[in-house]
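Undergrad: One structure follows; several queries about it will come next.
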Amino acid sequence: MSSGYDDWKHAARDLARHEISETYIQSIETLLTRRKAGEHISKRLTEQFESEKKYWNDILLRILTVIKMLASRGLSFRGSNEIVGSVHNGNYLGCLELVAEFEPLLAEHIQKRANKGRGHVSYLSSTTCDEFIHVLSRDVLDHILTEIKEAKYFAVSVDSTPDISHVDQLTIIFRYMTSKGPVERFVTFIPIEEHTGEGLATNLLDFMENTGISIKDCRGQSYDNAANMSGRFNGMQAKIKKHNNLAEYIPCCAHSLNLVGQCAVGCCSEAVTFFDFVNKLFVFFSASTSRWNRLMAVLKPLNMPTFKRLSNTRWSAHYDAVHSLQVGYTQVKSTLDIMCQDMFQKRETRPEAAGLKDIMSHHETGILVQLWSKILNRFNLTSKYLQGADMDLNTATELLRSLGDFVHSLRSQFTAFEKEGKDLGTDSYKGESRRKRKRNQRWDYGDSEDLELSPSDKFKVQCFLPIVDQLLVALKQKANAYDTVSKRFGFLKNLQSLSNDGMRDHVSFVCETYFEDVEPNCHGEFIHFTSLFAKLSPPNETDCVELQMYTFLVKNSLTDTFVNVYTVLRIYLSLMVTNCTGERSFSVLKRVKNELRSTMGQPRLNELALLCIESDIVRSRDFTVVIKKFASKKARKVNI
């Protein structure tokens with residue numbers, strides 16, 4: 001009926017006539033025939049939908065791969081325009097163009113859909129890129145928060161630094177246990193305006209409340225030694241302890257080691273002058289390309305390290321600078337000797353070179369080069385080891401104490417250092433060439449003589465011994481800061497050598513402290529576990545004993561059998577020893593928000609920083625579900 005139907009009074013009669021009409025019967029036969037052959041219209045629509053869905057799924061997979069690569073490396077996305085084919089369209093479109101050269105599907109997609117403007121969906125725009133970045137970062141953050149809640153016990157560390165736009169960024173790091181061992185994860189940057197302990201604690205607690213992390217499960221906190229962090233009454237650690245007394249404060253071991261070195265440098269004028277000389281030597285050669293090339297012409301053929309600049313924040317830079325001077329001492333001195341006699345040098349260059357050469361001619365300089373090279377070598381290697389994310393407290397404490405034993409052994413080695421210093425080619429002590437002054441003995445009684453120290457003994461008493469003693473005192477003081485927690489968990493390293501009574505005393509002490517987490521009188525469980533671990537655990541020299549015990553419980557599914565042992569190990573291994581992970585996040589901050597991206601907003605900064613810092617999670621996560629959601633939204637049915 002092309003003209004329609006409006007006789008609804010006789011609709012039943014007309015419908016009955018229509019059902020027996022020839023047109024109706026032919027239509028039914030055609031429908032049944034097509035249904036048997038599988039040619040019904042719903043099938044065609046489904047095929048079209050699935051085809052488009054697969055197409056967009058493949059396109060989005062390639063786009064997502066490019067976004068993951070750029071984000072995990074902290075690279076910029078956008079250029080000055082979004083025109084495909086332009087040399088100024090940024091890394092995002094540039095990488096897609098590069099992939100398209102070897103990928104026919106993407107090449108065809110770009111050719112058909114790129115540069116079409118509004119109303120033409122291509123998924124090549126910055127809007128789609130931002131959506132993907134947001135979804136990826138949200139997935140990574142949810143993954144980390146889920147792991148923290150499943151681990152239950154955790155430790156926290158915060159630190160702050162200004163970014164390129166002069167906004168103070170507070171980084172938040174969590175350490176917790178997974179089935180593979182301890183991990184330290186960055187979660188966010190928070191812009192702050194005040195640096196008081198109360199303000200920093202409030203920012204941390206607000207973030208934890210918003211993300212559903214309970215402060216009651218915090219068992220440790222680690223910050224640097226700044227007063228607003230470590231203050232006993234108004235520091236951040238004290239404010240956190242008011243909310244949870246079990247959140248033990250552990251000063252950053254690596255930062256404490258740096259402070260030990262800085263205290264030793266400032267303990268006497270000779271030490272201060274020495275490092276000032278090392279810095280001046282670097283500045284002298286690096287200020288001129290001709291002087292630097294002349295020095296490199298002497299050092300490079302012998303494969304000697306180049307000079308390095310001193311740094312107050314990176315104590316390892318002191319070792320690099322002193323070590324390079326020690327190795328090339330003779331060559332540097334001869335280069336300065338040549339330059340101070342070279343009439344082609346500038347008028348102010350020659351006396352400066354002569355002054356530096358004179359300093360290198362003194363025995364004091366040679367002795368300090370040898371002394372600090374040996375000390376800083378141990379400090380540098382120890383500091384690097386302490387910065388590992390899997391470092392545990394007992395090992396860190398023993399490292400500091402053994403470092404103190406090493407420094408103490410240097411006290412009796414002055415003669416050896418003096419000989420090594422003279423072997424560098426030094427001429428004499430500063431005071432040896434001076435005329436000795438005699439004291440007026442008119443009013444003296446008896447035949448007493450002046451007991452004036454020799455230049456060697458004077459240097460030993462006034463410089464060498466004060467440096468060594470200051471290092472010893474500072475190391476002991478810093479190591480004592482870990483005594484409380486170390487005594488609580490120190491028995492874990494020596495479980496197999498403890499007697500039953502000793503085991504009972506140590507376990508009882510832990511049970512009293514963590515009475516909400518560990519059952520009382522569970523020393524029998526520890527005795528049982530120690531015997532089992534000694535018989536079945538294979539030897540492993542790479543991991544600490546505590547981590548070996550934790551891995552043994554997890555791999556053998558014994559966590560329910562030794563619940564209290566498992567709990568104590570989780571609490572101990574979750575304690576944070578350093579805040580070096582926070583310092584590493586600042587390095588990423590400088591790359592992500594640099595001078596060319598200084599207007600970046602806070603949400604985007606957090607998303608890109610999270611994807612870059614936790615790139616291992618980004619690479620391991622399966623984002624197929626995300627791609628399918630995008631593909632389903634894009635799929636269209638054909639017009640009928």
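In the structure tokens, each chain is lettered A, B, ... as it comes, each chain's residues begin at 1, and ligands are numbered from 1 in order of appearance.
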May I have the residues within 10 Å of Asp163 in chain A as a PDB file with N, CA and C atoms, in the first residue's frame, using only C-alpha atoms and disregarding those fewer than 2 positions away in the same chain?

TA:
```
ATOM      1  N   SER A 160      60.544  17.396  47.940  1.00  0.00           N
ATOM      2  CA  SER A 160      60.029  18.468  47.092  1.00  0.00           C
ATOM      3  C   SER A 160      61.157  19.155  46.352  1.00  0.00           C
ATOM      4  N   THR A 161      60.810  19.726  45.202  1.00  0.00           N
ATOM      5  CA  THR A 161      61.746  20.503  44.401  1.00  0.00           C
ATOM      6  C   THR A 161      60.948  21.432  43.499  1.00  0.00           C
ATOM      7  N   SER A 165      58.688  26.076  36.066  1.00  0.00           N
ATOM      8  CA  SER A 165      57.790  27.219  36.203  1.00  0.00           C
ATOM      9  C   SER A 165      57.708  27.715  37.649  1.00  0.00           C
ATOM     10  N   HIS A 166      58.702  27.303  38.477  1.00  0.00           N
ATOM     11  CA  HIS A 166      58.838  27.769  39.863  1.00  0.00           C
ATOM     12  C   HIS A 166      57.668  27.341  40.743  1.00  0.00           C
ATOM     13  N   VAL A 167      57.130  26.175  40.480  1.00  0.00           N
ATOM     14  CA  VAL A 167      56.102  25.571  41.323  1.00  0.00           C
ATOM     15  C   VAL A 167      56.750  24.453  42.115  1.00  0.00           C
ATOM     16  N   ASP A 168      56.625  24.504  43.427  1.00  0.00           N
ATOM     17  CA  ASP A 168      57.187  23.440  44.262  1.00  0.00           C
ATOM     18  C   ASP A 168      56.364  22.173  44.100  1.00  0.00           C
ATOM     19  N   GLN A 169      57.007  21.107  43.665  1.00  0.00           N
ATOM     20  CA  GLN A 169      56.345  19.833  43.431  1.00  0.00           C
ATOM     21  C   GLN A 169      56.740  18.847  44.526  1.00  0.00           C
ATOM     22  N   PRO A 191      51.460  20.051  43.910  1.00  0.00           N
ATOM     23  CA  PRO A 191      51.995  21.409  44.080  1.00  0.00           C
ATOM     24  C   PRO A 191      51.767  21.905  45.498  1.00  0.00           C
ATOM     25  N   PHE A 586      62.521  13.406  40.368  1.00  0.00           N
ATOM     26  CA  PHE A 586      62.842  14.788  40.017  1.00  0.00           C
ATOM     27  C   PHE A 586      63.575  14.858  38.681  1.00  0.00           C
ATOM     28  N   LEU A 589      60.941  14.708  36.216  1.00  0.00           N
ATOM     29  CA  LEU A 589      60.220  15.985  36.220  1.00  0.00           C
ATOM     30  C   LEU A 589      60.922  17.003  35.331  1.00  0.00           C
ATOM     31  N   LYS A 590      62.251  17.039  35.383  1.00  0.00           N
ATOM     32  CA  LYS A 590      62.991  17.997  34.559  1.00  0.00           C
ATOM     33  C   LYS A 590      62.899  17.668  33.077  1.00  0.00           C
ATOM     34  N   LYS A 593      58.703  18.227  32.183  1.00  0.00           N
ATOM     35  CA  LYS A 593      58.323  19.643  32.223  1.00  0.00           C
ATOM     36  C   LYS A 593      59.583  20.470  32.084  1.00  0.00           C
ATOM     37  N   ASN A 594      60.021  20.653  30.852  1.00  0.00           N
ATOM     38  CA  ASN A 594      61.240  21.409  30.589  1.00  0.00           C
ATOM     39  C   ASN A 594      60.905  22.814  30.107  1.00  0.00           C
ATOM     40  N   GLU A 595      61.904  23.552  29.647  1.00  0.00           N
ATOM     41  CA  GLU A 595      61.679  24.940  29.247  1.00  0.00           C
ATOM     42  C   GLU A 595      60.765  25.069  28.034  1.00  0.00           C
ATOM     43  N   SER A 598      56.881  24.387  29.649  1.00  0.00           N
ATOM     44  CA  SER A 598      56.743  24.997  30.970  1.00  0.00           C
ATOM     45  C   SER A 598      55.299  25.353  31.313  1.00  0.00           C
TER      46      SER A 598
END
```

Undergrad: List every residue of range 221-423 of chain A that DSSP, applied to the backbone of this structure, places in strand (DSSP E or B), and write the result as number ranges by chain.

TA: A: 221, 248-249, 362

Undergrad: Go ahead and write the residues just picked, all heavy atoms, as a CSV table (one decimal), in the first residue's frame.

TA:
```csv
chain,number,residue,atom,x,y,z
A,221,GLN,N,58.4,5.6,57.4
A,221,GLN,CA,58.5,6.8,56.7
A,221,GLN,C,60.0,7.2,56.6
A,221,GLN,O,60.7,7.1,57.6
A,221,GLN,CB,57.7,7.9,57.3
A,221,GLN,CG,57.8,8.1,58.8
A,221,GLN,CD,57.0,9.1,59.4
A,221,GLN,OE1,56.7,10.1,58.7
A,221,GLN,NE2,56.6,9.0,60.6
A,248,GLU,N,57.4,4.2,61.8
A,248,GLU,CA,58.8,4.6,62.2
A,248,GLU,C,59.5,5.4,61.2
A,248,GLU,O,59.5,5.2,60.0
A,248,GLU,CB,59.6,3.3,62.5
A,248,GLU,CG,59.1,2.4,63.6
A,248,GLU,CD,59.3,3.1,65.0
A,248,GLU,OE1,60.2,4.0,65.0
A,248,GLU,OE2,58.7,2.7,66.0
A,249,TYR,N,60.2,6.5,61.8
A,249,TYR,CA,61.0,7.4,60.9
A,249,TYR,C,62.4,6.8,60.7
A,249,TYR,O,63.1,6.5,61.7
A,249,TYR,CB,61.0,8.8,61.5
A,249,TYR,CG,62.0,9.7,60.8
A,249,TYR,CD1,61.9,9.9,59.5
A,249,TYR,CD2,63.1,10.2,61.5
A,249,TYR,CE1,62.8,10.8,58.8
A,249,TYR,CE2,64.0,11.0,60.9
A,249,TYR,CZ,63.9,11.3,59.5
A,249,TYR,OH,64.8,12.1,58.9
A,362,HIS,N,103.2,20.6,46.8
A,362,HIS,CA,103.2,20.4,48.3
A,362,HIS,C,102.9,19.0,48.6
A,362,HIS,O,102.0,18.4,48.0
A,362,HIS,CB,102.3,21.4,49.0
A,362,HIS,CG,102.7,22.8,48.8
A,362,HIS,ND1,101.8,23.9,48.8
A,362,HIS,CD2,104.0,23.4,48.6
A,362,HIS,CE1,102.5,25.0,48.6
A,362,HIS,NE2,103.8,24.8,48.5
```

Undergrad: If you run DSSP on the backbone here, which positions in range 106-205 of chain A get alpha helix (DSSP H)? Please write them as an MDAnalysis selection string.

TA: chainID A and resid 106:113 126:151 197:205

Undergrad: Take the residues from that selection and write them out as a tab-separated table (two decimals), in the first residue's frame, keeping C-alpha atoms.

TA:
```tsv
chain	number	residue	atom	x	y	z
A	106	LEU	CA	48.15	2.88	8.73
A	107	ALA	CA	49.40	4.47	5.52
A	108	GLU	CA	45.97	4.00	3.90
A	109	HIS	CA	44.24	5.33	6.99
A	110	ILE	CA	46.40	8.49	7.05
A	111	GLN	CA	45.89	9.03	3.33
A	112	LYS	CA	42.09	8.75	3.54
A	113	ARG	CA	41.32	10.40	6.86
A	126	SER	CA	45.68	15.64	20.04
A	127	THR	CA	42.28	15.10	21.71
A	128	THR	CA	42.45	11.35	21.13
A	129	CYS	CA	46.09	11.34	22.24
A	130	ASP	CA	45.17	13.10	25.49
A	131	GLU	CA	42.34	10.62	26.10
A	132	PHE	CA	44.71	7.71	25.71
A	133	ILE	CA	47.30	9.31	28.03
A	134	HIS	CA	44.61	9.83	30.67
A	135	VAL	CA	43.29	6.27	30.36
A	136	LEU	CA	46.78	4.73	30.47
A	137	SER	CA	47.88	6.75	33.50
A	138	ARG	CA	44.62	6.03	35.32
A	139	ASP	CA	45.10	2.31	34.69
A	140	VAL	CA	48.72	2.41	35.97
A	141	LEU	CA	47.72	4.39	39.08
A	142	ASP	CA	44.83	2.02	39.83
A	143	HIS	CA	47.23	-0.91	39.44
A	144	ILE	CA	49.66	0.61	41.97
A	145	LEU	CA	46.92	1.52	44.45
A	146	THR	CA	45.48	-2.00	44.20
A	147	GLU	CA	48.91	-3.50	44.91
A	148	ILE	CA	49.36	-1.23	47.95
A	149	LYS	CA	45.98	-2.23	49.38
A	150	GLU	CA	46.65	-5.92	48.76
A	151	ALA	CA	50.10	-5.67	50.37
A	197	GLY	CA	56.06	19.71	58.66
A	198	GLU	CA	52.35	20.29	59.28
A	199	GLY	CA	51.70	21.39	55.71
A	200	LEU	CA	53.61	18.50	54.13
A	201	ALA	CA	51.90	15.96	56.38
A	202	THR	CA	48.48	17.42	55.50
A	203	ASN	CA	49.17	17.08	51.77
A	204	LEU	CA	50.21	13.45	52.19
A	205	LEU	CA	47.27	12.53	54.41
```

Undergrad: Taking 6 positions as the minimum chain separation for residues in the same chain, which residues sit within 9 Å of range 560-574 of chain A when counting only C-alpha atoms? Answer as a PyMOL selection string.

TA: chain A and resi 151+153-155+175-177+181-183+219-220+390-393+489+492+510+514+517-519+522+525-526+528-529+546-547+549-550+553-554

Undergrad: Tell me, as a PDB file with N, CA, C and O atoms, in the first residue's frame, which residues lie within 10 Å of Phe285 in chain A, counting only C-alpha atoms; anything in the same chain fewer than 4 positions away does not count.

TA:
```
ATOM      1  N   LYS A 280      88.973  24.780  41.558  1.00  0.00           N
ATOM      2  CA  LYS A 280      89.675  25.796  40.774  1.00  0.00           C
ATOM      3  C   LYS A 280      90.433  25.172  39.610  1.00  0.00           C
ATOM      4  O   LYS A 280      90.518  25.766  38.521  1.00  0.00           O
ATOM      5  N   LEU A 281      90.972  23.990  39.842  1.00  0.00           N
ATOM      6  CA  LEU A 281      91.712  23.302  38.784  1.00  0.00           C
ATOM      7  C   LEU A 281      90.781  22.968  37.620  1.00  0.00           C
ATOM      8  O   LEU A 281      91.142  23.152  36.442  1.00  0.00           O
ATOM      9  N   THR A 289      88.795  26.504  25.824  1.00  0.00           N
ATOM     10  CA  THR A 289      88.856  25.304  24.985  1.00  0.00           C
ATOM     11  C   THR A 289      90.297  24.925  24.656  1.00  0.00           C
ATOM     12  O   THR A 289      90.625  23.743  24.561  1.00  0.00           O
ATOM     13  N   SER A 290      91.173  25.918  24.479  1.00  0.00           N
ATOM     14  CA  SER A 290      92.565  25.604  24.161  1.00  0.00           C
ATOM     15  C   SER A 290      93.257  24.932  25.340  1.00  0.00           C
ATOM     16  O   SER A 290      94.022  23.969  25.166  1.00  0.00           O
ATOM     17  N   ARG A 291      93.000  25.429  26.573  1.00  0.00           N
ATOM     18  CA  ARG A 291      93.600  24.791  27.752  1.00  0.00           C
ATOM     19  C   ARG A 291      93.034  23.389  27.954  1.00  0.00           C
ATOM     20  O   ARG A 291      93.760  22.458  28.325  1.00  0.00           O
ATOM     21  N   TRP A 292      91.710  23.226  27.725  1.00  0.00           N
ATOM     22  CA  TRP A 292      91.092  21.908  27.875  1.00  0.00           C
ATOM     23  C   TRP A 292      91.646  20.919  26.853  1.00  0.00           C
ATOM     24  O   TRP A 292      91.939  19.762  27.182  1.00  0.00           O
ATOM     25  N   ASN A 293      91.813  21.366  25.614  1.00  0.00           N
ATOM     26  CA  ASN A 293      92.342  20.480  24.570  1.00  0.00           C
ATOM     27  C   ASN A 293      93.791  20.096  24.863  1.00  0.00           C
ATOM     28  O   ASN A 293      94.211  18.967  24.578  1.00  0.00           O
ATOM     29  N   ARG A 294      94.543  21.045  25.433  1.00  0.00           N
ATOM     30  CA  ARG A 294      95.927  20.730  25.778  1.00  0.00           C
ATOM     31  C   ARG A 294      95.979  19.665  26.874  1.00  0.00           C
ATOM     32  O   ARG A 294      96.825  18.763  26.834  1.00  0.00           O
ATOM     33  N   LEU A 295      95.084  19.759  27.841  1.00  0.00           N
ATOM     34  CA  LEU A 295      95.033  18.750  28.904  1.00  0.00           C
ATOM     35  C   LEU A 295      94.584  17.405  28.358  1.00  0.00           C
ATOM     36  O   LEU A 295      95.148  16.364  28.703  1.00  0.00           O
ATOM     37  N   MET A 296      93.558  17.408  27.485  1.00  0.00           N
ATOM     38  CA  MET A 296      93.058  16.151  26.927  1.00  0.00           C
ATOM     39  C   MET A 296      94.105  15.477  26.039  1.00  0.00           C
ATOM     40  O   MET A 296      94.165  14.243  25.946  1.00  0.00           O
ATOM     41  N   PHE A 307      88.604  15.536  33.894  1.00  0.00           N
ATOM     42  CA  PHE A 307      88.264  16.236  35.129  1.00  0.00           C
ATOM     43  C   PHE A 307      86.756  16.372  35.269  1.00  0.00           C
ATOM     44  O   PHE A 307      86.032  16.508  34.275  1.00  0.00           O
ATOM     45  N   LEU A 336     100.610  22.169  33.651  1.00  0.00           N
ATOM     46  CA  LEU A 336     100.616  23.494  34.280  1.00  0.00           C
ATOM     47  C   LEU A 336     102.008  24.112  34.222  1.00  0.00           C
ATOM     48  O   LEU A 336     102.155  25.337  34.021  1.00  0.00           O
ATOM     49  N   ALA A 353      98.333  29.553  36.402  1.00  0.00           N
ATOM     50  CA  ALA A 353      98.878  28.198  36.235  1.00  0.00           C
ATOM     51  C   ALA A 353     100.034  27.953  37.198  1.00  0.00           C
ATOM     52  O   ALA A 353     100.178  26.858  37.761  1.00  0.00           O
TER      53      ALA A 353
END
```

Undergrad: Might you pull out every residue within 9 Å of Phe186 in chain A, with only C-alpha atoms counted and same-chain residues fewer than 6 positions away left off, and present them as a list in words?

TA: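 Listing them by chain and then by number gives Ile144, Thr171, Ile172, Ile173, Phe174, Thr581, Gly582, Ser585, Ala609, Leu610, Ile613 and Glu614 of chain A.
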
Undergrad: To one decimal in Å, tell me the separation between CA of Ile375 in chain A and CA of Phe275 in chain A.

TA: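 Straight-line distance from CA of Ile375 in chain A to CA of Phe275 in chain A works out to 14.0 Å.
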